[in-house]
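Visitor: Structure supplied as protein32.cif; contents: mmCIF, N, CA and C atoms.
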data_start
#
loop_
_atom_site.label_atom_id
_atom_site.label_comp_id
_atom_site.auth_asym_id
_atom_site.auth_seq_id
_atom_site.Cartn_x
_atom_site.Cartn_y
_atom_site.Cartn_z
N MET A 488 0.83 -1.19 0.00
CA MET A 488 0.00 0.00 0.00
C MET A 488 0.87 1.26 0.00
N GLY A 489 2.02 1.16 0.68
CA GLY A 489 2.93 2.29 0.73
C GLY A 489 3.41 2.70 -0.65
N ALA A 490 3.56 1.73 -1.55
CA ALA A 490 4.03 2.00 -2.91
C ALA A 490 3.08 2.91 -3.69
N VAL A 491 1.80 2.92 -3.29
CA VAL A 491 0.83 3.78 -3.97
C VAL A 491 0.41 4.96 -3.10
N GLY A 492 1.19 5.22 -2.02
CA GLY A 492 0.97 6.41 -1.22
C GLY A 492 0.00 6.27 -0.07
N VAL A 493 -0.34 5.05 0.30
CA VAL A 493 -1.25 4.84 1.42
C VAL A 493 -0.44 4.37 2.63
N ALA A 494 -0.44 5.15 3.68
CA ALA A 494 0.27 4.76 4.90
C ALA A 494 -0.54 3.71 5.65
N VAL A 495 0.12 2.63 6.02
CA VAL A 495 -0.56 1.53 6.71
C VAL A 495 0.22 1.18 7.97
N THR A 496 -0.51 1.03 9.05
CA THR A 496 0.07 0.51 10.28
C THR A 496 -0.57 -0.86 10.51
N GLN A 497 0.24 -1.89 10.44
CA GLN A 497 -0.28 -3.24 10.64
C GLN A 497 -0.49 -3.51 12.12
N ARG A 498 -1.58 -4.18 12.41
CA ARG A 498 -1.90 -4.58 13.78
C ARG A 498 -2.30 -6.04 13.79
N PRO A 499 -1.32 -6.95 13.71
CA PRO A 499 -1.67 -8.37 13.73
C PRO A 499 -2.36 -8.72 15.05
N LEU A 500 -3.45 -9.47 14.96
CA LEU A 500 -4.23 -9.83 16.14
C LEU A 500 -4.41 -11.34 16.21
N GLU A 501 -4.36 -11.88 17.40
CA GLU A 501 -4.68 -13.28 17.62
C GLU A 501 -6.17 -13.48 17.32
N PRO A 502 -6.57 -14.68 16.88
CA PRO A 502 -7.98 -14.92 16.56
C PRO A 502 -8.95 -14.52 17.68
N ALA A 503 -8.58 -14.76 18.92
CA ALA A 503 -9.48 -14.44 20.04
C ALA A 503 -9.67 -12.93 20.19
N VAL A 504 -8.73 -12.15 19.72
CA VAL A 504 -8.83 -10.68 19.79
C VAL A 504 -9.41 -10.13 18.49
N PHE A 505 -9.05 -10.76 17.36
CA PHE A 505 -9.48 -10.29 16.04
C PHE A 505 -11.01 -10.29 15.92
N ALA A 506 -11.65 -11.39 16.25
CA ALA A 506 -13.10 -11.51 16.06
C ALA A 506 -13.87 -10.40 16.78
N PRO A 507 -13.65 -10.15 18.07
CA PRO A 507 -14.39 -9.06 18.71
C PRO A 507 -14.00 -7.68 18.17
N ALA A 508 -12.72 -7.47 17.83
CA ALA A 508 -12.29 -6.17 17.31
C ALA A 508 -12.99 -5.85 15.99
N VAL A 509 -13.14 -6.85 15.14
CA VAL A 509 -13.74 -6.62 13.82
C VAL A 509 -15.26 -6.72 13.84
N PHE A 510 -15.80 -7.78 14.41
CA PHE A 510 -17.23 -8.04 14.29
C PHE A 510 -18.07 -7.41 15.40
N LYS A 511 -17.53 -7.19 16.56
CA LYS A 511 -18.29 -6.60 17.66
C LYS A 511 -18.01 -5.11 17.80
N ASP A 512 -16.73 -4.77 17.99
CA ASP A 512 -16.36 -3.37 18.23
C ASP A 512 -16.20 -2.57 16.94
N ARG A 513 -16.01 -3.24 15.83
CA ARG A 513 -15.76 -2.60 14.53
C ARG A 513 -14.62 -1.59 14.64
N ASN A 514 -13.56 -2.01 15.31
CA ASN A 514 -12.40 -1.16 15.58
C ASN A 514 -11.33 -1.40 14.50
N PHE A 515 -11.60 -0.94 13.29
CA PHE A 515 -10.65 -1.10 12.19
C PHE A 515 -11.01 -0.15 11.06
N ASP A 516 -10.01 0.18 10.25
CA ASP A 516 -10.26 0.92 9.01
C ASP A 516 -10.39 -0.05 7.85
N THR A 517 -9.56 -1.07 7.87
CA THR A 517 -9.64 -2.15 6.89
C THR A 517 -9.06 -3.40 7.56
N ASN A 518 -9.39 -4.55 7.03
CA ASN A 518 -8.83 -5.78 7.58
C ASN A 518 -8.66 -6.80 6.48
N VAL A 519 -7.81 -7.75 6.74
CA VAL A 519 -7.61 -8.86 5.82
C VAL A 519 -8.16 -10.09 6.52
N ILE A 520 -9.09 -10.74 5.86
CA ILE A 520 -9.77 -11.87 6.47
C ILE A 520 -10.03 -12.92 5.41
N SER A 521 -10.08 -14.16 5.81
CA SER A 521 -10.35 -15.25 4.89
C SER A 521 -11.76 -15.77 5.16
N TYR A 522 -12.62 -15.64 4.19
CA TYR A 522 -13.96 -16.22 4.27
C TYR A 522 -13.96 -17.51 3.47
N CYS A 523 -14.49 -18.55 4.03
CA CYS A 523 -14.63 -19.83 3.33
C CYS A 523 -16.11 -20.01 3.04
N ASN A 524 -16.49 -19.78 1.80
CA ASN A 524 -17.90 -19.68 1.48
C ASN A 524 -18.59 -20.96 1.05
N GLY A 525 -17.88 -21.90 0.50
CA GLY A 525 -18.53 -23.13 0.07
C GLY A 525 -19.31 -22.94 -1.22
N PRO A 526 -19.95 -24.00 -1.68
CA PRO A 526 -20.57 -23.97 -3.01
C PRO A 526 -21.95 -23.32 -3.07
N ASP A 527 -22.65 -23.16 -1.95
CA ASP A 527 -24.01 -22.61 -1.99
C ASP A 527 -24.00 -21.19 -1.42
N PRO A 528 -24.33 -20.20 -2.23
CA PRO A 528 -24.32 -18.81 -1.75
C PRO A 528 -25.24 -18.56 -0.55
N GLU A 529 -26.28 -19.34 -0.41
CA GLU A 529 -27.18 -19.15 0.73
C GLU A 529 -26.46 -19.43 2.04
N ILE A 530 -25.54 -20.36 2.02
CA ILE A 530 -24.84 -20.75 3.24
C ILE A 530 -23.64 -19.85 3.49
N GLY A 531 -22.84 -19.62 2.47
CA GLY A 531 -21.58 -18.93 2.70
C GLY A 531 -21.55 -17.45 2.35
N VAL A 532 -22.28 -17.05 1.33
CA VAL A 532 -22.16 -15.67 0.84
C VAL A 532 -23.18 -14.74 1.50
N ARG A 533 -24.36 -15.21 1.74
CA ARG A 533 -25.41 -14.39 2.35
C ARG A 533 -24.92 -13.73 3.64
N ARG A 534 -24.20 -14.49 4.46
CA ARG A 534 -23.74 -13.97 5.76
C ARG A 534 -22.81 -12.78 5.61
N MET A 535 -22.20 -12.61 4.44
CA MET A 535 -21.27 -11.51 4.22
C MET A 535 -21.96 -10.24 3.74
N TYR A 536 -23.12 -10.37 3.09
CA TYR A 536 -23.73 -9.22 2.43
C TYR A 536 -25.12 -8.84 2.93
N HIS A 537 -25.85 -9.76 3.53
CA HIS A 537 -27.21 -9.43 3.97
C HIS A 537 -27.14 -8.56 5.22
N SER A 538 -27.95 -7.51 5.26
CA SER A 538 -27.87 -6.56 6.37
C SER A 538 -28.27 -7.17 7.71
N THR A 539 -29.04 -8.26 7.70
CA THR A 539 -29.38 -8.91 8.97
C THR A 539 -28.17 -9.60 9.58
N GLN A 540 -27.09 -9.72 8.83
CA GLN A 540 -25.89 -10.38 9.31
C GLN A 540 -24.86 -9.39 9.87
N ILE A 541 -25.27 -8.15 10.05
CA ILE A 541 -24.40 -7.17 10.71
C ILE A 541 -24.57 -7.38 12.20
N GLY A 542 -23.51 -7.77 12.85
CA GLY A 542 -23.61 -8.05 14.27
C GLY A 542 -22.31 -8.61 14.80
N PRO A 543 -22.32 -9.05 16.04
CA PRO A 543 -21.07 -9.47 16.67
C PRO A 543 -20.60 -10.88 16.33
N ALA A 544 -21.35 -11.64 15.56
CA ALA A 544 -20.93 -13.01 15.24
C ALA A 544 -19.75 -13.00 14.27
N PRO A 545 -18.71 -13.75 14.56
CA PRO A 545 -17.54 -13.79 13.66
C PRO A 545 -17.90 -14.29 12.27
N PHE A 546 -17.22 -13.75 11.28
CA PHE A 546 -17.31 -14.14 9.88
C PHE A 546 -18.70 -13.90 9.29
N THR A 547 -19.30 -12.81 9.72
CA THR A 547 -20.55 -12.37 9.11
C THR A 547 -20.26 -11.10 8.32
N ASN A 548 -21.15 -10.15 8.31
CA ASN A 548 -21.05 -8.95 7.48
C ASN A 548 -20.13 -7.91 8.14
N ALA A 549 -18.82 -8.16 8.09
CA ALA A 549 -17.84 -7.29 8.74
C ALA A 549 -17.83 -5.89 8.15
N ALA A 550 -18.19 -5.75 6.90
CA ALA A 550 -18.20 -4.43 6.24
C ALA A 550 -19.43 -3.60 6.65
N ALA A 551 -20.36 -4.21 7.39
CA ALA A 551 -21.62 -3.55 7.74
C ALA A 551 -22.33 -3.04 6.48
N TYR A 552 -22.25 -3.82 5.44
CA TYR A 552 -22.84 -3.49 4.14
C TYR A 552 -24.35 -3.59 4.20
N ARG A 553 -25.01 -2.56 3.67
CA ARG A 553 -26.48 -2.54 3.63
C ARG A 553 -26.94 -2.19 2.23
N SER A 554 -27.79 -3.03 1.69
CA SER A 554 -28.42 -2.76 0.40
C SER A 554 -29.79 -3.42 0.42
N PRO A 555 -30.85 -2.65 0.47
CA PRO A 555 -32.19 -3.26 0.45
C PRO A 555 -32.40 -4.14 -0.78
N GLN A 556 -31.81 -3.74 -1.92
CA GLN A 556 -31.96 -4.53 -3.14
C GLN A 556 -31.26 -5.88 -3.00
N VAL A 557 -30.04 -5.88 -2.47
CA VAL A 557 -29.30 -7.14 -2.27
C VAL A 557 -30.03 -8.01 -1.24
N ASP A 558 -30.51 -7.41 -0.16
CA ASP A 558 -31.27 -8.18 0.83
C ASP A 558 -32.48 -8.86 0.19
N ALA A 559 -33.23 -8.10 -0.63
CA ALA A 559 -34.43 -8.64 -1.28
C ALA A 559 -34.07 -9.78 -2.23
N LEU A 560 -32.98 -9.64 -2.97
CA LEU A 560 -32.57 -10.70 -3.90
C LEU A 560 -32.14 -11.96 -3.13
N PHE A 561 -31.39 -11.79 -2.05
CA PHE A 561 -31.03 -12.96 -1.23
C PHE A 561 -32.28 -13.62 -0.67
N ASP A 562 -33.22 -12.83 -0.18
CA ASP A 562 -34.45 -13.39 0.39
C ASP A 562 -35.23 -14.17 -0.66
N GLU A 563 -35.32 -13.60 -1.86
CA GLU A 563 -36.03 -14.30 -2.93
C GLU A 563 -35.31 -15.59 -3.31
N ALA A 564 -33.99 -15.54 -3.42
CA ALA A 564 -33.22 -16.73 -3.78
C ALA A 564 -33.38 -17.83 -2.74
N SER A 565 -33.50 -17.44 -1.48
CA SER A 565 -33.64 -18.44 -0.41
C SER A 565 -34.98 -19.16 -0.44
N ARG A 566 -35.95 -18.57 -1.14
CA ARG A 566 -37.30 -19.15 -1.19
C ARG A 566 -37.55 -20.00 -2.43
N THR A 567 -36.60 -20.05 -3.34
CA THR A 567 -36.83 -20.82 -4.56
C THR A 567 -35.91 -22.03 -4.63
N VAL A 568 -36.43 -23.10 -5.20
CA VAL A 568 -35.61 -24.29 -5.42
C VAL A 568 -35.25 -24.44 -6.89
N ASP A 569 -35.76 -23.56 -7.73
CA ASP A 569 -35.44 -23.60 -9.15
C ASP A 569 -34.01 -23.13 -9.35
N ARG A 570 -33.13 -24.04 -9.80
CA ARG A 570 -31.70 -23.74 -9.89
C ARG A 570 -31.41 -22.59 -10.86
N ASP A 571 -32.10 -22.55 -11.99
CA ASP A 571 -31.86 -21.47 -12.96
C ASP A 571 -32.29 -20.13 -12.38
N ARG A 572 -33.41 -20.09 -11.70
CA ARG A 572 -33.89 -18.85 -11.08
C ARG A 572 -32.92 -18.39 -9.99
N ARG A 573 -32.50 -19.32 -9.14
CA ARG A 573 -31.52 -18.99 -8.09
C ARG A 573 -30.24 -18.43 -8.71
N SER A 574 -29.78 -19.08 -9.77
CA SER A 574 -28.55 -18.65 -10.43
C SER A 574 -28.69 -17.21 -10.94
N ARG A 575 -29.81 -16.89 -11.55
CA ARG A 575 -30.04 -15.51 -12.04
C ARG A 575 -30.06 -14.51 -10.89
N LEU A 576 -30.69 -14.88 -9.79
CA LEU A 576 -30.75 -13.98 -8.64
C LEU A 576 -29.36 -13.74 -8.05
N TYR A 577 -28.58 -14.81 -7.91
CA TYR A 577 -27.23 -14.65 -7.36
C TYR A 577 -26.33 -13.86 -8.31
N ARG A 578 -26.55 -14.00 -9.61
CA ARG A 578 -25.78 -13.19 -10.56
C ARG A 578 -26.13 -11.71 -10.41
N GLN A 579 -27.41 -11.41 -10.19
CA GLN A 579 -27.81 -10.03 -9.95
C GLN A 579 -27.13 -9.48 -8.69
N ILE A 580 -27.11 -10.27 -7.64
CA ILE A 580 -26.43 -9.87 -6.41
C ILE A 580 -24.97 -9.58 -6.70
N GLN A 581 -24.33 -10.48 -7.43
CA GLN A 581 -22.92 -10.33 -7.75
C GLN A 581 -22.67 -9.03 -8.51
N GLU A 582 -23.51 -8.71 -9.46
CA GLU A 582 -23.34 -7.47 -10.24
C GLU A 582 -23.44 -6.24 -9.34
N ILE A 583 -24.34 -6.27 -8.40
CA ILE A 583 -24.52 -5.12 -7.50
C ILE A 583 -23.32 -4.98 -6.56
N VAL A 584 -22.90 -6.07 -5.93
CA VAL A 584 -21.80 -5.95 -4.96
C VAL A 584 -20.46 -5.67 -5.63
N VAL A 585 -20.32 -6.06 -6.89
CA VAL A 585 -19.10 -5.69 -7.62
C VAL A 585 -19.06 -4.18 -7.81
N GLN A 586 -20.19 -3.56 -8.01
CA GLN A 586 -20.25 -2.10 -8.16
C GLN A 586 -20.09 -1.40 -6.81
N ASP A 587 -20.75 -1.92 -5.78
CA ASP A 587 -20.69 -1.29 -4.45
C ASP A 587 -19.35 -1.54 -3.76
N LEU A 588 -18.74 -2.67 -4.00
CA LEU A 588 -17.43 -3.07 -3.49
C LEU A 588 -17.27 -2.94 -1.96
N PRO A 589 -18.15 -3.60 -1.19
CA PRO A 589 -17.94 -3.59 0.26
C PRO A 589 -16.72 -4.40 0.68
N TYR A 590 -16.31 -5.32 -0.18
CA TYR A 590 -15.12 -6.14 0.06
C TYR A 590 -14.26 -6.09 -1.20
N TYR A 591 -12.96 -6.20 -1.00
CA TYR A 591 -12.04 -6.28 -2.13
C TYR A 591 -11.30 -7.60 -2.00
N TRP A 592 -11.51 -8.49 -2.95
CA TRP A 592 -10.94 -9.83 -2.89
C TRP A 592 -9.49 -9.81 -3.34
N LEU A 593 -8.61 -10.32 -2.50
CA LEU A 593 -7.18 -10.37 -2.82
C LEU A 593 -6.79 -11.69 -3.49
N VAL A 594 -7.35 -12.78 -3.02
CA VAL A 594 -7.02 -14.10 -3.56
C VAL A 594 -8.26 -14.98 -3.56
N GLU A 595 -8.22 -15.99 -4.38
CA GLU A 595 -9.23 -17.03 -4.38
C GLU A 595 -8.50 -18.34 -4.11
N THR A 596 -8.86 -19.03 -3.07
CA THR A 596 -8.16 -20.26 -2.72
C THR A 596 -8.95 -21.48 -3.17
N LEU A 597 -8.22 -22.54 -3.44
CA LEU A 597 -8.85 -23.80 -3.79
C LEU A 597 -9.23 -24.53 -2.52
N SER A 598 -10.25 -25.35 -2.60
CA SER A 598 -10.60 -26.14 -1.43
C SER A 598 -10.39 -27.62 -1.74
N THR A 599 -10.22 -28.38 -0.71
CA THR A 599 -10.02 -29.81 -0.84
C THR A 599 -11.12 -30.51 -0.05
N ARG A 600 -11.70 -31.50 -0.65
CA ARG A 600 -12.73 -32.27 0.04
C ARG A 600 -12.31 -33.74 0.07
N ALA A 601 -12.64 -34.41 1.14
CA ALA A 601 -12.32 -35.83 1.27
C ALA A 601 -13.51 -36.55 1.88
N TRP A 602 -13.65 -37.80 1.53
CA TRP A 602 -14.70 -38.62 2.10
C TRP A 602 -14.22 -40.07 2.10
N PRO A 603 -14.83 -40.92 2.93
CA PRO A 603 -14.39 -42.32 3.02
C PRO A 603 -14.55 -43.04 1.68
N ALA A 604 -13.68 -43.99 1.40
CA ALA A 604 -13.71 -44.74 0.15
C ALA A 604 -15.03 -45.48 -0.04
N ARG A 605 -15.72 -45.80 1.04
CA ARG A 605 -17.00 -46.53 0.92
C ARG A 605 -18.14 -45.62 0.46
N CYS A 606 -17.87 -44.33 0.33
CA CYS A 606 -18.90 -43.36 -0.10
C CYS A 606 -18.64 -42.93 -1.54
N GLU A 607 -19.72 -42.72 -2.29
CA GLU A 607 -19.62 -42.36 -3.71
C GLU A 607 -20.68 -41.32 -4.06
N GLY A 608 -20.56 -40.77 -5.27
CA GLY A 608 -21.60 -39.91 -5.83
C GLY A 608 -21.50 -38.44 -5.47
N PHE A 609 -20.41 -38.02 -4.86
CA PHE A 609 -20.25 -36.61 -4.51
C PHE A 609 -19.94 -35.79 -5.77
N LYS A 610 -20.39 -34.56 -5.79
CA LYS A 610 -20.11 -33.63 -6.89
C LYS A 610 -19.30 -32.49 -6.29
N PRO A 611 -17.97 -32.62 -6.23
CA PRO A 611 -17.14 -31.67 -5.48
C PRO A 611 -17.24 -30.22 -5.94
N TRP A 612 -17.58 -29.94 -7.18
CA TRP A 612 -17.57 -28.55 -7.65
C TRP A 612 -18.96 -28.06 -7.99
N SER A 613 -19.95 -28.54 -7.27
CA SER A 613 -21.30 -28.06 -7.54
C SER A 613 -21.96 -27.64 -6.24
N GLY A 614 -23.01 -26.89 -6.36
CA GLY A 614 -23.78 -26.49 -5.20
C GLY A 614 -24.56 -27.66 -4.62
N LEU A 615 -24.57 -28.76 -5.33
CA LEU A 615 -25.31 -29.94 -4.89
C LEU A 615 -24.32 -31.04 -4.53
N PHE A 616 -23.35 -30.69 -3.72
CA PHE A 616 -22.22 -31.56 -3.37
C PHE A 616 -22.63 -32.98 -3.01
N ALA A 617 -23.63 -33.14 -2.15
CA ALA A 617 -23.99 -34.48 -1.67
C ALA A 617 -25.36 -34.94 -2.14
N GLU A 618 -25.91 -34.29 -3.14
CA GLU A 618 -27.27 -34.62 -3.60
C GLU A 618 -27.42 -36.09 -3.97
N ALA A 619 -26.45 -36.64 -4.70
CA ALA A 619 -26.55 -38.03 -5.15
C ALA A 619 -25.57 -38.95 -4.41
N ALA A 620 -25.04 -38.48 -3.32
CA ALA A 620 -24.03 -39.26 -2.59
C ALA A 620 -24.68 -40.36 -1.76
N PHE A 621 -23.92 -41.43 -1.57
CA PHE A 621 -24.36 -42.51 -0.71
C PHE A 621 -23.14 -43.22 -0.16
N CYS A 622 -23.31 -43.92 0.93
CA CYS A 622 -22.22 -44.67 1.53
C CYS A 622 -22.64 -46.11 1.68
N LYS A 623 -21.75 -47.01 1.30
CA LYS A 623 -22.00 -48.45 1.46
C LYS A 623 -21.76 -48.81 2.93
N PRO A 624 -22.54 -49.74 3.46
CA PRO A 624 -22.33 -50.13 4.86
C PRO A 624 -20.95 -50.70 5.14
#
Step by step, read the file and then write its structure as structure tokens.

Guide:
Amino acid sequence: MGAVGVAVTQRPLEPAVFAPAVFKDRNFDTNVISYCNGPDPEIGVRRMYHSTQIGPAPFTNAAAYRSPQVDALFDEASRTVDRDRRSRLYRQIQEIVVQDLPYYWLVETLSTRAWPARCEGFKPWSGLFAEAAFCKP
């Protein structure tokens, strides 16, 4: 940041101190945090952008981002099981938050999943990870 003229004072915090400083006290100008969102936006992404997720719980809406339009789209997506409709709604959300930019993504990490050899049918890169999965006795 210094290379582009922004003075930064780093304040590394232990996890037990970081969570209350960021999510409860909101005692920061900016922070670097790793969110692990998973394949379904309802589970992992909603908590970062929906205004009802502004609060002291760790790994929720740390930016205190509020958008009635984004809230309404998340609410609508949570009520539908039609995959194409959900996909369109989440794309609309994505377009809005890319413009509003409450978060700036630095990296995208790969995830690893494992399951016992007696289990089959997992779809590791889909929102329906265990839809067709089964385990042999």

Visitor: Which of these residues is nearest to Pro507 of chain A, using only C-alpha atoms: A:Gly525, A:Met535, A:Pro545, A:Val519?

Guide: A:Pro545

Visitor: Within 7 Å of (-31.7, -16.5, -3.2) (coordinates as in the file), grab all the protein and nucleic acid residues, counting all atoms listed in the file, and write them out as an mmCIF file with N, CA and C atoms, in the frame of the given file.

Guide:
data_model
loop_
_atom_site.group_PDB
_atom_site.id
_atom_site.type_symbol
_atom_site.label_atom_id
_atom_site.label_comp_id
_atom_site.auth_asym_id
_atom_site.auth_seq_id
_atom_site.Cartn_x
_atom_site.Cartn_y
_atom_site.Cartn_z
ATOM 1 N N GLU A 529 -26.280 -19.340 -0.410
ATOM 2 C CA GLU A 529 -27.180 -19.150 0.730
ATOM 3 C C GLU A 529 -26.460 -19.430 2.040
ATOM 4 N N LEU A 560 -32.980 -9.640 -2.970
ATOM 5 C CA LEU A 560 -32.570 -10.700 -3.900
ATOM 6 C C LEU A 560 -32.140 -11.960 -3.130
ATOM 7 N N PHE A 561 -31.390 -11.790 -2.050
ATOM 8 C CA PHE A 561 -31.030 -12.960 -1.230
ATOM 9 C C PHE A 561 -32.280 -13.620 -0.670
ATOM 10 N N ASP A 562 -33.220 -12.830 -0.180
ATOM 11 C CA ASP A 562 -34.450 -13.390 0.390
ATOM 12 C C ASP A 562 -35.230 -14.170 -0.660
ATOM 13 N N GLU A 563 -35.320 -13.600 -1.860
ATOM 14 C CA GLU A 563 -36.030 -14.300 -2.930
ATOM 15 C C GLU A 563 -35.310 -15.590 -3.310
ATOM 16 N N ALA A 564 -33.990 -15.540 -3.420
ATOM 17 C CA ALA A 564 -33.220 -16.730 -3.780
ATOM 18 C C ALA A 564 -33.380 -17.830 -2.740
ATOM 19 N N SER A 565 -33.500 -17.440 -1.480
ATOM 20 C CA SER A 565 -33.640 -18.440 -0.410
ATOM 21 C C SER A 565 -34.980 -19.160 -0.440
ATOM 22 N N ARG A 566 -35.950 -18.570 -1.140
ATOM 23 C CA ARG A 566 -37.300 -19.150 -1.190
ATOM 24 C C ARG A 566 -37.550 -20.000 -2.430
ATOM 25 N N THR A 567 -36.600 -20.050 -3.340
ATOM 26 C CA THR A 567 -36.830 -20.820 -4.560
ATOM 27 C C THR A 567 -35.910 -22.030 -4.630
ATOM 28 N N ARG A 573 -32.500 -19.320 -9.140
ATOM 29 C CA ARG A 573 -31.520 -18.990 -8.090
ATOM 30 C C ARG A 573 -30.240 -18.430 -8.710
ATOM 31 N N LEU A 576 -30.690 -14.880 -9.790
ATOM 32 C CA LEU A 576 -30.750 -13.980 -8.640
ATOM 33 C C LEU A 576 -29.360 -13.740 -8.050
ATOM 34 N N TYR A 577 -28.580 -14.810 -7.910
ATOM 35 C CA TYR A 577 -27.230 -14.650 -7.360
ATOM 36 C C TYR A 577 -26.330 -13.860 -8.310
#

Visitor: Quick one: pull the distance between atom CA of Ala506 of chain A and atom N of Pro555 of chain A, Å, one decimal.

Guide: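 Atom-to-atom, atom CA of Ala506 of chain A and atom N of Pro555 of chain A are spaced 25.2 Å apart.
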
Visitor: Between A:Asp558, A:Glu582, A:Glu607, A:Asp569, single out the one closest to Cys622 of chain A, counting all atoms listed in the file.

Guide: A:Glu607

Visitor: Interatomic distance between atom N of Ala550 of chain A and atom C of Arg572 of chain A?

Guide: 25.7 Å

Visitor: Go through A:Val509, A:Val491, A:Ala601, A:Leu588 one by one, measure the shortest atom-to-atom distance of each to Gly542 of chain A using only C-alpha atoms, and give the residue with the smallest value.

Guide: A:Val509
